[in-house]
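The data block below is entry-v1.txt; it holds compact mmCIF, C-alpha atoms.
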```
# COMPACT_ATOMS: atom_id res chain seq x y z
CA MET A 12 85.11 89.23 109.52
CA SER A 13 88.89 89.48 109.24
CA SER A 14 91.07 86.81 110.79
CA VAL A 15 93.57 87.58 113.52
CA THR A 16 96.42 87.13 111.02
CA ASP A 17 94.85 89.80 108.79
CA ARG A 18 94.67 92.13 111.78
CA TYR A 19 98.37 91.81 112.60
CA ASP A 20 99.94 94.84 110.96
CA PRO A 21 103.18 95.60 112.82
CA LEU A 22 102.99 99.23 111.65
CA ASP A 23 99.39 99.80 112.76
CA THR A 24 99.11 102.56 115.37
CA GLU A 25 97.34 100.36 117.91
CA VAL A 26 99.80 97.48 117.41
CA LEU A 27 102.70 99.89 117.83
CA ARG A 28 101.16 101.11 121.07
CA ASP A 29 100.60 97.61 122.46
CA PRO A 30 101.37 94.58 120.25
CA TYR A 31 100.98 92.00 123.00
CA PRO A 32 97.20 91.29 122.93
CA VAL A 33 97.12 90.45 119.21
CA LEU A 34 100.36 88.45 119.51
CA ALA A 35 98.85 86.47 122.38
CA GLU A 36 95.77 85.70 120.29
CA LEU A 37 97.96 84.58 117.40
CA ARG A 38 100.05 82.39 119.68
CA MET A 39 96.87 80.68 120.88
CA ARG A 40 94.99 80.37 117.57
CA GLU A 41 97.64 80.20 114.85
CA PRO A 42 101.14 80.06 116.37
CA VAL A 43 102.81 79.66 112.96
CA PHE A 44 101.15 81.82 110.31
CA TRP A 45 101.87 83.26 106.88
CA HIS A 46 102.21 87.06 106.81
CA ALA A 47 101.80 88.42 103.29
CA GLY A 48 103.28 91.83 104.12
CA MET A 49 106.50 90.29 105.40
CA ASP A 50 106.36 87.51 102.78
CA SER A 51 107.30 85.17 105.63
CA TRP A 52 106.15 82.55 108.05
CA ALA A 53 105.87 84.20 111.48
CA LEU A 54 106.49 82.33 114.72
CA THR A 55 104.91 83.34 118.03
CA ARG A 56 106.00 80.56 120.40
CA TYR A 57 109.22 80.63 122.39
CA ALA A 58 110.25 77.02 121.65
CA ASP A 59 109.72 77.42 117.88
CA SER A 60 111.67 80.66 117.86
CA VAL A 61 114.61 79.22 119.76
CA ARG A 62 114.68 76.21 117.45
CA VAL A 63 115.06 78.42 114.38
CA LEU A 64 117.67 80.70 115.99
CA ARG A 65 119.76 77.74 117.13
CA ASP A 66 119.65 75.71 113.93
CA HIS A 67 121.84 77.72 111.55
CA GLU A 68 122.29 74.67 109.33
CA SER A 69 118.58 74.60 108.47
CA PHE A 70 117.86 78.33 108.69
CA ALA A 71 120.22 80.79 107.05
CA ARG A 72 120.96 84.38 107.93
CA ASP A 73 123.41 84.61 105.02
CA LEU A 74 121.19 84.96 101.94
CA ARG A 75 123.98 83.71 99.67
CA ARG A 76 123.30 80.21 101.01
CA THR A 77 119.87 80.27 99.38
CA GLY A 78 120.82 81.92 96.12
CA GLY A 79 120.55 85.54 97.22
CA THR A 80 123.14 88.29 97.43
CA VAL A 81 124.61 90.29 100.31
CA PRO A 82 126.23 93.67 99.51
CA GLU A 83 129.82 93.93 100.72
CA PRO A 84 129.02 96.68 103.28
CA SER A 85 126.57 94.26 104.92
CA LEU A 86 128.99 91.35 105.35
CA SER A 87 129.48 91.25 109.11
CA VAL A 88 129.05 89.04 112.14
CA GLN A 89 125.30 89.61 111.88
CA THR A 90 124.92 88.43 108.26
CA LEU A 91 127.48 85.62 108.11
CA ASP A 92 126.62 82.12 109.31
CA PRO A 93 128.87 79.65 111.12
CA PRO A 94 131.47 78.45 110.43
CA GLN A 95 132.38 81.49 108.27
CA GLN A 96 131.15 83.79 111.02
CA SER A 97 133.03 82.08 113.85
CA ARG A 98 136.42 83.76 113.49
CA VAL A 99 135.17 87.34 113.52
CA ARG A 100 132.60 86.68 116.26
CA SER A 101 135.28 85.05 118.41
CA LEU A 102 137.54 88.05 117.86
CA PHE A 103 134.92 90.54 119.01
CA MET A 104 133.77 88.43 121.95
CA SER A 105 137.38 88.11 123.13
CA ALA A 106 137.87 91.84 122.75
CA LEU A 107 134.65 92.45 124.70
CA ARG A 108 135.77 90.21 127.56
CA ALA A 109 139.03 92.15 127.74
CA GLN A 110 137.21 95.41 128.53
CA ASP A 111 136.57 96.72 132.03
CA LEU A 112 132.77 96.70 131.86
CA THR A 113 132.44 97.74 135.49
CA ALA A 114 134.30 100.95 134.66
CA VAL A 115 132.11 101.46 131.57
CA GLU A 116 129.02 101.10 133.76
CA ASP A 117 130.39 103.52 136.37
CA ARG A 118 131.11 106.14 133.71
CA ALA A 119 127.65 105.60 132.23
CA ARG A 120 126.09 106.29 135.62
CA ILE A 121 127.99 109.59 135.76
CA VAL A 122 126.69 110.50 132.29
CA VAL A 123 123.10 109.90 133.44
CA ARG A 124 123.57 111.81 136.71
CA GLU A 125 124.96 114.81 134.84
CA ARG A 126 122.03 114.77 132.42
CA LEU A 127 119.58 114.56 135.31
CA ASP A 128 121.25 117.51 137.06
CA GLN A 129 120.75 119.58 133.90
CA LEU A 130 117.11 118.54 133.53
CA VAL A 131 115.80 118.78 137.09
CA GLY A 132 113.21 121.50 137.61
CA GLY A 133 113.31 122.54 133.97
CA GLY A 134 109.86 121.30 133.03
CA PRO A 135 108.97 118.48 130.64
CA PHE A 136 111.71 116.94 128.51
CA ASP A 137 112.00 114.15 125.95
CA VAL A 138 113.56 111.03 127.49
CA MET A 139 114.76 109.86 124.09
CA ALA A 140 116.60 113.03 123.07
CA GLU A 141 117.85 114.01 126.52
CA ILE A 142 118.74 110.66 128.10
CA ALA A 143 118.45 107.64 125.79
CA VAL A 144 120.48 109.05 122.88
CA PRO A 145 123.33 110.64 124.91
CA LEU A 146 123.65 107.62 127.20
CA SER A 147 123.67 105.10 124.36
CA VAL A 148 126.19 107.01 122.23
CA ALA A 149 128.44 107.55 125.25
CA VAL A 150 128.39 103.91 126.36
CA VAL A 151 129.07 102.41 122.93
CA ALA A 152 131.79 104.96 122.15
CA ASP A 153 133.37 104.29 125.55
CA LEU A 154 133.35 100.55 124.91
CA LEU A 155 134.92 100.87 121.47
CA GLY A 156 137.39 103.54 122.57
CA VAL A 157 136.40 106.30 120.13
CA GLU A 158 135.35 109.93 120.31
CA PRO A 159 131.52 110.07 120.53
CA PRO A 160 130.04 111.56 117.35
CA PRO A 161 127.59 114.50 117.67
CA TYR A 162 124.40 113.10 119.17
CA GLY A 163 121.93 114.65 116.76
CA GLU A 164 123.84 113.79 113.59
CA PHE A 165 124.47 110.22 114.64
CA ALA A 166 120.87 109.71 115.76
CA ALA A 167 119.68 110.71 112.27
CA VAL A 168 122.09 108.29 110.58
CA SER A 169 121.14 105.47 112.94
CA ASP A 170 117.44 106.18 112.45
CA ALA A 171 117.78 105.79 108.67
CA ILE A 172 119.62 102.47 109.12
CA MET A 173 117.08 101.21 111.64
CA ARG A 174 114.12 102.14 109.43
CA SER A 175 115.72 100.37 106.45
CA MET A 176 115.37 97.08 108.37
CA ASP A 177 111.67 97.36 107.49
CA GLY A 178 112.50 97.58 103.75
CA GLY A 179 110.41 94.50 103.07
CA LEU A 180 107.34 96.38 104.25
CA ASN A 181 108.36 99.69 102.68
CA PRO A 182 110.98 99.53 99.86
CA ALA A 183 111.36 103.33 99.93
CA LEU A 184 113.37 102.94 103.14
CA VAL A 185 116.13 100.85 101.54
CA GLU A 186 118.11 103.55 99.70
CA PRO A 187 118.26 106.05 102.62
CA GLY A 188 119.47 103.16 104.76
CA ARG A 189 122.19 102.31 102.22
CA ILE A 190 123.41 105.91 102.20
CA ALA A 191 123.42 106.04 106.00
CA ARG A 192 125.41 102.81 106.21
CA GLN A 193 128.01 104.30 103.89
CA GLN A 194 128.22 107.41 106.06
CA LEU A 195 128.75 105.27 109.12
CA SER A 196 131.29 103.12 107.28
CA ASP A 197 133.28 106.26 106.47
CA LEU A 198 133.23 107.19 110.17
CA VAL A 199 134.44 103.73 111.17
CA ASP A 200 137.21 103.92 108.55
CA SER A 201 138.39 107.15 110.16
CA TRP A 202 138.46 105.44 113.56
CA PHE A 203 140.56 102.59 112.20
CA ALA A 204 142.94 105.10 110.65
CA SER A 205 143.37 107.48 113.58
CA SER A 206 141.88 106.36 116.91
CA ALA A 207 144.56 105.55 119.45
CA ARG A 208 142.34 105.15 122.51
CA PRO A 209 142.27 101.88 124.41
CA GLY A 210 139.09 99.90 123.91
CA LEU A 211 137.44 97.20 121.88
CA LEU A 212 138.37 98.86 118.59
CA ALA A 213 142.08 98.63 119.45
CA HIS A 214 141.73 94.83 119.58
CA ALA A 215 139.78 94.80 116.32
CA ARG A 216 142.42 96.90 114.58
CA GLN A 217 145.00 94.20 115.22
CA ALA A 218 142.85 91.74 113.26
CA ALA A 219 142.55 94.27 110.45
CA ALA A 220 146.33 94.80 110.20
CA PRO A 221 147.83 95.20 106.70
CA ASP A 222 149.07 91.61 106.66
CA SER A 223 145.53 90.26 107.21
CA ASP A 224 143.60 89.17 104.14
CA ALA A 225 141.26 91.76 102.62
CA LEU A 226 138.11 89.79 103.40
CA ALA A 227 139.02 89.51 107.09
CA ARG A 228 139.62 93.26 107.26
CA LEU A 229 136.27 93.88 105.58
CA TYR A 230 134.41 91.64 108.04
CA VAL A 231 136.10 93.29 111.03
CA LYS A 232 135.37 96.85 109.88
CA ASN A 233 131.78 96.04 109.01
CA THR A 234 131.28 94.34 112.35
CA ALA A 235 132.70 97.38 114.16
CA ARG A 236 130.15 99.50 112.31
CA VAL A 237 127.33 97.09 113.14
CA MET A 238 128.42 97.02 116.79
CA PHE A 239 128.37 100.79 117.05
CA GLN A 240 125.09 101.37 115.26
CA GLY A 241 123.35 98.21 116.46
CA GLY A 242 124.56 98.67 120.02
CA TYR A 243 123.46 102.29 120.03
CA SER A 244 120.02 101.75 118.47
CA THR A 245 119.24 98.70 120.60
CA MET A 246 120.30 100.45 123.81
CA ALA A 247 118.47 103.67 123.00
CA ALA A 248 115.27 101.74 122.28
CA ALA A 249 115.72 99.64 125.44
CA VAL A 250 116.23 102.78 127.55
CA GLY A 251 113.03 104.35 126.26
CA ASN A 252 111.01 101.15 126.75
CA ALA A 253 112.47 100.66 130.24
CA VAL A 254 111.66 104.21 131.35
CA HIS A 255 108.14 103.87 129.97
CA THR A 256 107.66 100.60 131.88
CA LEU A 257 109.03 102.10 135.09
CA LEU A 258 106.69 105.08 134.81
CA ALA A 259 103.72 102.80 134.10
CA HIS A 260 104.46 100.64 137.18
CA PRO A 261 104.70 102.93 140.22
CA GLY A 262 107.07 101.72 142.90
CA THR A 263 109.12 99.54 140.53
CA LEU A 264 112.04 101.96 140.27
CA GLU A 265 112.26 102.28 144.05
CA ARG A 266 112.21 98.50 144.48
CA MET A 267 115.28 98.30 142.28
CA ARG A 268 117.29 100.16 144.90
CA ASP A 269 117.74 96.64 146.22
CA ARG A 270 120.94 95.49 144.51
CA SER A 271 119.67 91.91 144.48
CA LEU A 272 116.78 93.04 142.25
CA LEU A 273 118.80 95.34 140.00
CA ALA A 274 120.35 92.69 137.72
CA THR A 275 117.28 90.47 137.43
CA GLY A 276 115.04 93.53 137.24
CA VAL A 277 116.89 95.06 134.31
CA ASP A 278 116.75 91.72 132.51
CA GLU A 279 113.02 91.54 133.18
CA LEU A 280 112.46 95.04 131.78
CA VAL A 281 113.93 93.84 128.48
CA ARG A 282 111.85 90.66 128.44
CA PHE A 283 108.69 92.57 129.31
CA ASP A 284 108.99 95.16 126.52
CA GLY A 285 112.14 94.53 124.54
CA PRO A 286 113.73 96.63 121.79
CA VAL A 287 114.07 94.00 119.03
CA GLN A 288 110.74 92.62 117.82
CA GLY A 289 111.97 89.86 115.55
CA THR A 290 114.50 88.69 113.00
CA THR A 291 114.47 86.86 109.68
CA ARG A 292 115.92 83.53 108.59
CA THR A 293 115.57 81.65 105.31
CA ALA A 294 114.89 77.92 105.22
CA VAL A 295 117.76 76.00 103.64
CA ARG A 296 115.83 72.72 103.48
CA SER A 297 112.28 71.48 103.91
CA CYS A 298 111.15 71.37 107.52
CA ARG A 299 108.05 71.39 109.67
CA ILE A 300 107.32 73.85 112.47
CA GLY A 301 104.16 73.80 114.54
CA GLY A 302 102.37 71.58 112.05
CA VAL A 303 103.28 73.86 109.12
CA ASP A 304 105.50 72.73 106.23
CA ILE A 305 108.23 75.24 105.42
CA ALA A 306 109.69 75.02 101.91
CA PRO A 307 113.34 75.72 101.03
CA GLY A 308 113.82 79.42 100.27
CA GLN A 309 110.87 80.57 102.36
CA LYS A 310 111.53 83.17 105.04
CA VAL A 311 110.78 82.57 108.71
CA VAL A 312 110.41 85.36 111.27
CA PRO A 313 110.65 84.50 114.98
CA LEU A 314 108.63 87.25 116.68
CA PHE A 315 110.63 87.96 119.85
CA ALA A 316 107.87 90.14 121.29
CA ALA A 317 105.48 87.17 121.18
CA ALA A 318 108.03 84.59 122.35
CA ASN A 319 108.98 86.70 125.37
CA ARG A 320 105.36 86.66 126.55
CA ASP A 321 104.82 82.93 125.92
CA PRO A 322 103.24 81.43 129.08
CA ALA A 323 104.73 78.05 128.15
CA ALA A 324 108.16 79.58 128.76
CA PHE A 325 107.51 82.29 131.37
CA THR A 326 105.21 82.01 134.38
CA GLN A 327 102.77 84.96 134.51
CA ALA A 328 104.31 86.10 131.25
CA ASP A 329 102.30 89.34 131.03
CA GLU A 330 103.37 90.42 134.52
CA LEU A 331 106.50 92.42 135.37
CA MET A 332 108.34 90.29 137.94
CA LEU A 333 111.65 91.87 139.00
CA ASP A 334 112.79 88.73 140.79
CA ARG A 335 111.87 86.38 137.94
CA THR A 336 113.96 83.21 137.98
CA PRO A 337 116.49 83.63 135.18
CA LYS A 338 115.38 82.12 131.89
CA ARG A 339 116.91 83.32 128.69
CA HIS A 340 114.54 85.69 126.95
CA LEU A 341 114.92 86.77 123.32
CA GLY A 342 115.22 90.50 123.92
CA TYR A 343 118.68 90.47 122.33
CA GLY A 344 118.23 87.40 120.13
CA TRP A 345 119.71 83.94 120.64
CA GLY A 346 122.44 81.75 119.23
CA PRO A 347 125.30 82.75 116.89
CA HIS A 348 123.58 85.98 115.85
CA ALA A 349 122.63 87.19 119.33
CA CYS A 350 123.66 90.78 119.97
CA ILE A 351 127.39 90.88 120.80
CA GLY A 352 126.86 93.87 123.06
CA THR A 353 124.21 92.33 125.32
CA THR A 354 126.36 92.65 128.45
CA VAL A 355 127.12 96.28 127.61
CA ALA A 356 123.46 97.11 127.00
CA GLN A 357 122.58 95.59 130.35
CA ALA A 358 125.35 97.62 131.99
CA GLY A 359 123.90 100.78 130.46
CA LEU A 360 120.42 99.96 131.77
CA ARG A 361 121.77 99.23 135.25
CA ALA A 362 123.57 102.58 135.17
CA LEU A 363 120.32 104.30 134.17
CA VAL A 364 118.27 102.71 136.96
CA ALA A 365 120.98 103.30 139.58
CA ALA A 366 121.37 106.96 138.60
CA LEU A 367 117.61 107.55 138.69
CA ASN A 368 117.46 106.06 142.17
CA GLU A 369 120.50 108.00 143.40
CA HIS A 370 119.18 111.35 142.21
CA PRO A 371 117.10 113.37 144.71
CA ALA A 372 114.57 114.39 142.04
CA ARG A 373 111.67 112.10 141.14
CA LEU A 374 111.00 110.98 137.57
CA ALA A 375 107.37 111.57 136.58
CA THR A 376 105.30 111.07 133.44
CA VAL A 377 103.74 114.10 131.78
CA GLY A 378 101.93 112.56 128.80
CA GLU A 379 101.80 109.84 126.20
CA GLY A 380 104.89 108.98 124.21
CA VAL A 381 104.92 108.58 120.44
CA ARG A 382 106.06 105.20 119.16
CA ARG A 383 108.42 105.07 116.21
CA ARG A 384 106.72 103.58 113.15
CA THR A 385 109.11 100.66 112.77
CA ALA A 386 108.41 96.94 112.87
CA THR A 387 111.81 95.41 113.58
CA MET A 388 112.77 97.73 116.43
CA ARG A 389 110.29 98.71 119.14
CA ALA A 390 111.23 102.23 120.15
CA PHE A 391 109.85 105.63 121.00
CA ASP A 392 110.24 108.69 118.82
CA THR A 393 109.45 110.88 121.80
CA LEU A 394 108.72 110.06 125.45
CA PRO A 395 107.83 113.08 127.64
CA ALA A 396 108.74 113.09 131.33
CA ALA A 397 109.76 115.51 134.06
CA LEU A 398 112.09 115.50 137.05
CA LEU A 399 110.31 116.88 140.09
CA PRO A 400 112.52 118.38 142.83
```
Rendering of file as C-alpha cells:
Amino acid sequence: MSSVTDRYDPLDTEVLRDPYPVLAELRMREPVFWHAGMDSWALTRYADSVRVLRDHESFARDLRRTGGTVPEPSLSVQTLDPPQQSRVRSLFMSALRAQDLTAVEDRARIVVRERLDQLVGGGPFDVMAEIAVPLSVAVVADLLGVEPPPYGEFAAVSDAIMRSMDGGLNPALVEPGRIARQQLSDLVDSWFASSARPGLLAHARQAAAPDSDALARLYVKNTARVMFQGGYSTMAAAVGNAVHTLLAHPGTLERMRDRSLLATGVDELVRFDGPVQGTTRTAVRSCRIGGVDIAPGQKVVPLFAAANRDPAAFTQADELMLDRTPKRHLGYGWGPHACIGTTVAQAGLRALVAALNEHPARLATVGEGVRRRTATMRAFDTLPAALLP
C-alpha cells in the first residue's frame, strides 16, 4: 500500500480539485516530508512555514547564496534576499503607499459592474475569461499607471510564466516561460520609455533614472515586470477561487453586503482557498524542522495551502468563517518576499464582491470548473457561471 507522501502529487486531477484532505493527512502523519518530484522537503504546518519564511539568513531565496545562478531577467525583489533586496523593496512599498488605493478600488468596481451589465441574461459565461482576467489586468495597470495590454495576449504570456514556476516538475515548461518573460520585459521597457501617466511606475522610473547605477535600474525594471505579471496572475487566480467558494456556499455573498464582514470576509476567502500553493527556499546551513534534519543546499517548500488549514493556527480551519478574528494567513506569502501587491489584490476582491452584491442580477453556477494543471498557483482554467435577471 502506498504511503500518504507517495499519494501527494500536486498535479493529480483529484488533488487539483481538492488538495486539502491529503494535505490534512500529511500534516497529521508526516508534517515534514521528502517529496521526490519536487526534490524538496515539504512543510505542512503553519508554524514551520512561518519560521522558514521569516528566517532569510538560514533559508535563501537567492540561489547564488548556495552556489546556484539566477539569470539577470529574474533578479528582482522576489529573488533577492535582504539586505540586497531591501532598497528596491522599500522603493516599491513607498510608491505603493503613495497611491490612492481607494480610487483604484472604486474604478475596479466600475469595471466589474460594466462586465456584469454585458453578461446578464446572455447565458453561461466563463468567469475567468470574462471577469477575472479583465478585472486583474485593469487593476494592476491602473496601479502602475500604464495602458492595459490586450487581455487575451497578456493572459497567454502570463500563463506561460506561471506554468514555468512548475519547471522542477516539468522541465519542458522552462523555455516557454523564459520567452514569455522576455516578451513581458520588452513591454515593461516600453512603459519606462514612454508612459507618462501618474502611478506606481512613475515613482519607479525616478529610481531607474540615467544617473542610477545599472544594477539598480535592472532590479527596478525587473520588479516592475514581476509586479505586473505576479499581481495579475495572483489576482486572477484569487478571483476565480473566490467566486467558486461563493457559489459553493449559498448565502455567503449576500452576507458580505455587511461592510463589517467585507474586509474580513475577503481575507477569509483567500485563506480558505488561496491562489499561491507554496514557495521554495534553500537551506543555507544545517537545521532541524519538525524532527527532520535539513542539510545545507537542500530545498524546503512551505505548502501554504496546508498551513492555511492548520487547526493549530486557525480555529475550525476547514470552515469558511467570514468574521474570523484576524490572523495572518499565508495566501500571499510572509516576510520579505510576501507579495508587494497584497493590499491591491484585496482591493480588487472587495470591488468584485461589492459589484456582485450591487448588481440586480444573481450569480449562479452552471457546472464544474476546470482547474489549471499547475502546482505553484491554484487557479481555474475555466469556471462556468451565469447571471440570472
Could you give me, as a count of residues only, the residues within 6 Å of range 178-193 of chain A, counting all atoms listed in the file and dropping anything in the same chain fewer than 5 positions from it?
-> 3
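CA of His255 in chain A sits 17.8 Å away from CA of Arg126 in chain A.
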Around the point (113.7, 94.2, 134.7) in the file's coordinates, collect all residues with an atom within 12 Å, using only C-alpha atoms, and return them as an MDAnalysis selection string.
-> chainID A and resid 249:250 252:254 256:257 260 263:264 266:267 271:285 330:337 340 342 357 360:361 364
Hey, can you spit out that residue selection with C-alpha atoms as a short mmCIF file (atom, residue, chain, number, x, y, z; two decimals), in the coordinates of the input?
```cif
data_model
loop_
_atom_site.label_atom_id
_atom_site.label_comp_id
_atom_site.auth_asym_id
_atom_site.auth_seq_id
_atom_site.Cartn_x
_atom_site.Cartn_y
_atom_site.Cartn_z
CA ALA A 249 115.72 99.64 125.44
CA VAL A 250 116.23 102.78 127.55
CA ASN A 252 111.01 101.15 126.75
CA ALA A 253 112.47 100.66 130.24
CA VAL A 254 111.66 104.21 131.35
CA THR A 256 107.66 100.60 131.88
CA LEU A 257 109.03 102.10 135.09
CA HIS A 260 104.46 100.64 137.18
CA THR A 263 109.12 99.54 140.53
CA LEU A 264 112.04 101.96 140.27
CA ARG A 266 112.21 98.50 144.48
CA MET A 267 115.28 98.30 142.28
CA SER A 271 119.67 91.91 144.48
CA LEU A 272 116.78 93.04 142.25
CA LEU A 273 118.80 95.34 140.00
CA ALA A 274 120.35 92.69 137.72
CA THR A 275 117.28 90.47 137.43
CA GLY A 276 115.04 93.53 137.24
CA VAL A 277 116.89 95.06 134.31
CA ASP A 278 116.75 91.72 132.51
CA GLU A 279 113.02 91.54 133.18
CA LEU A 280 112.46 95.04 131.78
CA VAL A 281 113.93 93.84 128.48
CA ARG A 282 111.85 90.66 128.44
CA PHE A 283 108.69 92.57 129.31
CA ASP A 284 108.99 95.16 126.52
CA GLY A 285 112.14 94.53 124.54
CA GLU A 330 103.37 90.42 134.52
CA LEU A 331 106.50 92.42 135.37
CA MET A 332 108.34 90.29 137.94
CA LEU A 333 111.65 91.87 139.00
CA ASP A 334 112.79 88.73 140.79
CA ARG A 335 111.87 86.38 137.94
CA THR A 336 113.96 83.21 137.98
CA PRO A 337 116.49 83.63 135.18
CA HIS A 340 114.54 85.69 126.95
CA GLY A 342 115.22 90.50 123.92
CA GLN A 357 122.58 95.59 130.35
CA LEU A 360 120.42 99.96 131.77
CA ARG A 361 121.77 99.23 135.25
CA VAL A 364 118.27 102.71 136.96
#
```
Would you mind reading off the distance between CA of Gly380 in chain A and CA of Gly359 in chain A, one decimal, in Å?
-> 21.6 Å
Fewer than 2 positions away in the same chain doesn't count, so skip those; otherwise give me all residues within 8 Å of Ala149 in chain A, counting only C-alpha atoms, as a PyMOL selection string.
-> chain A and resi 119+122+145-147+151-153+159
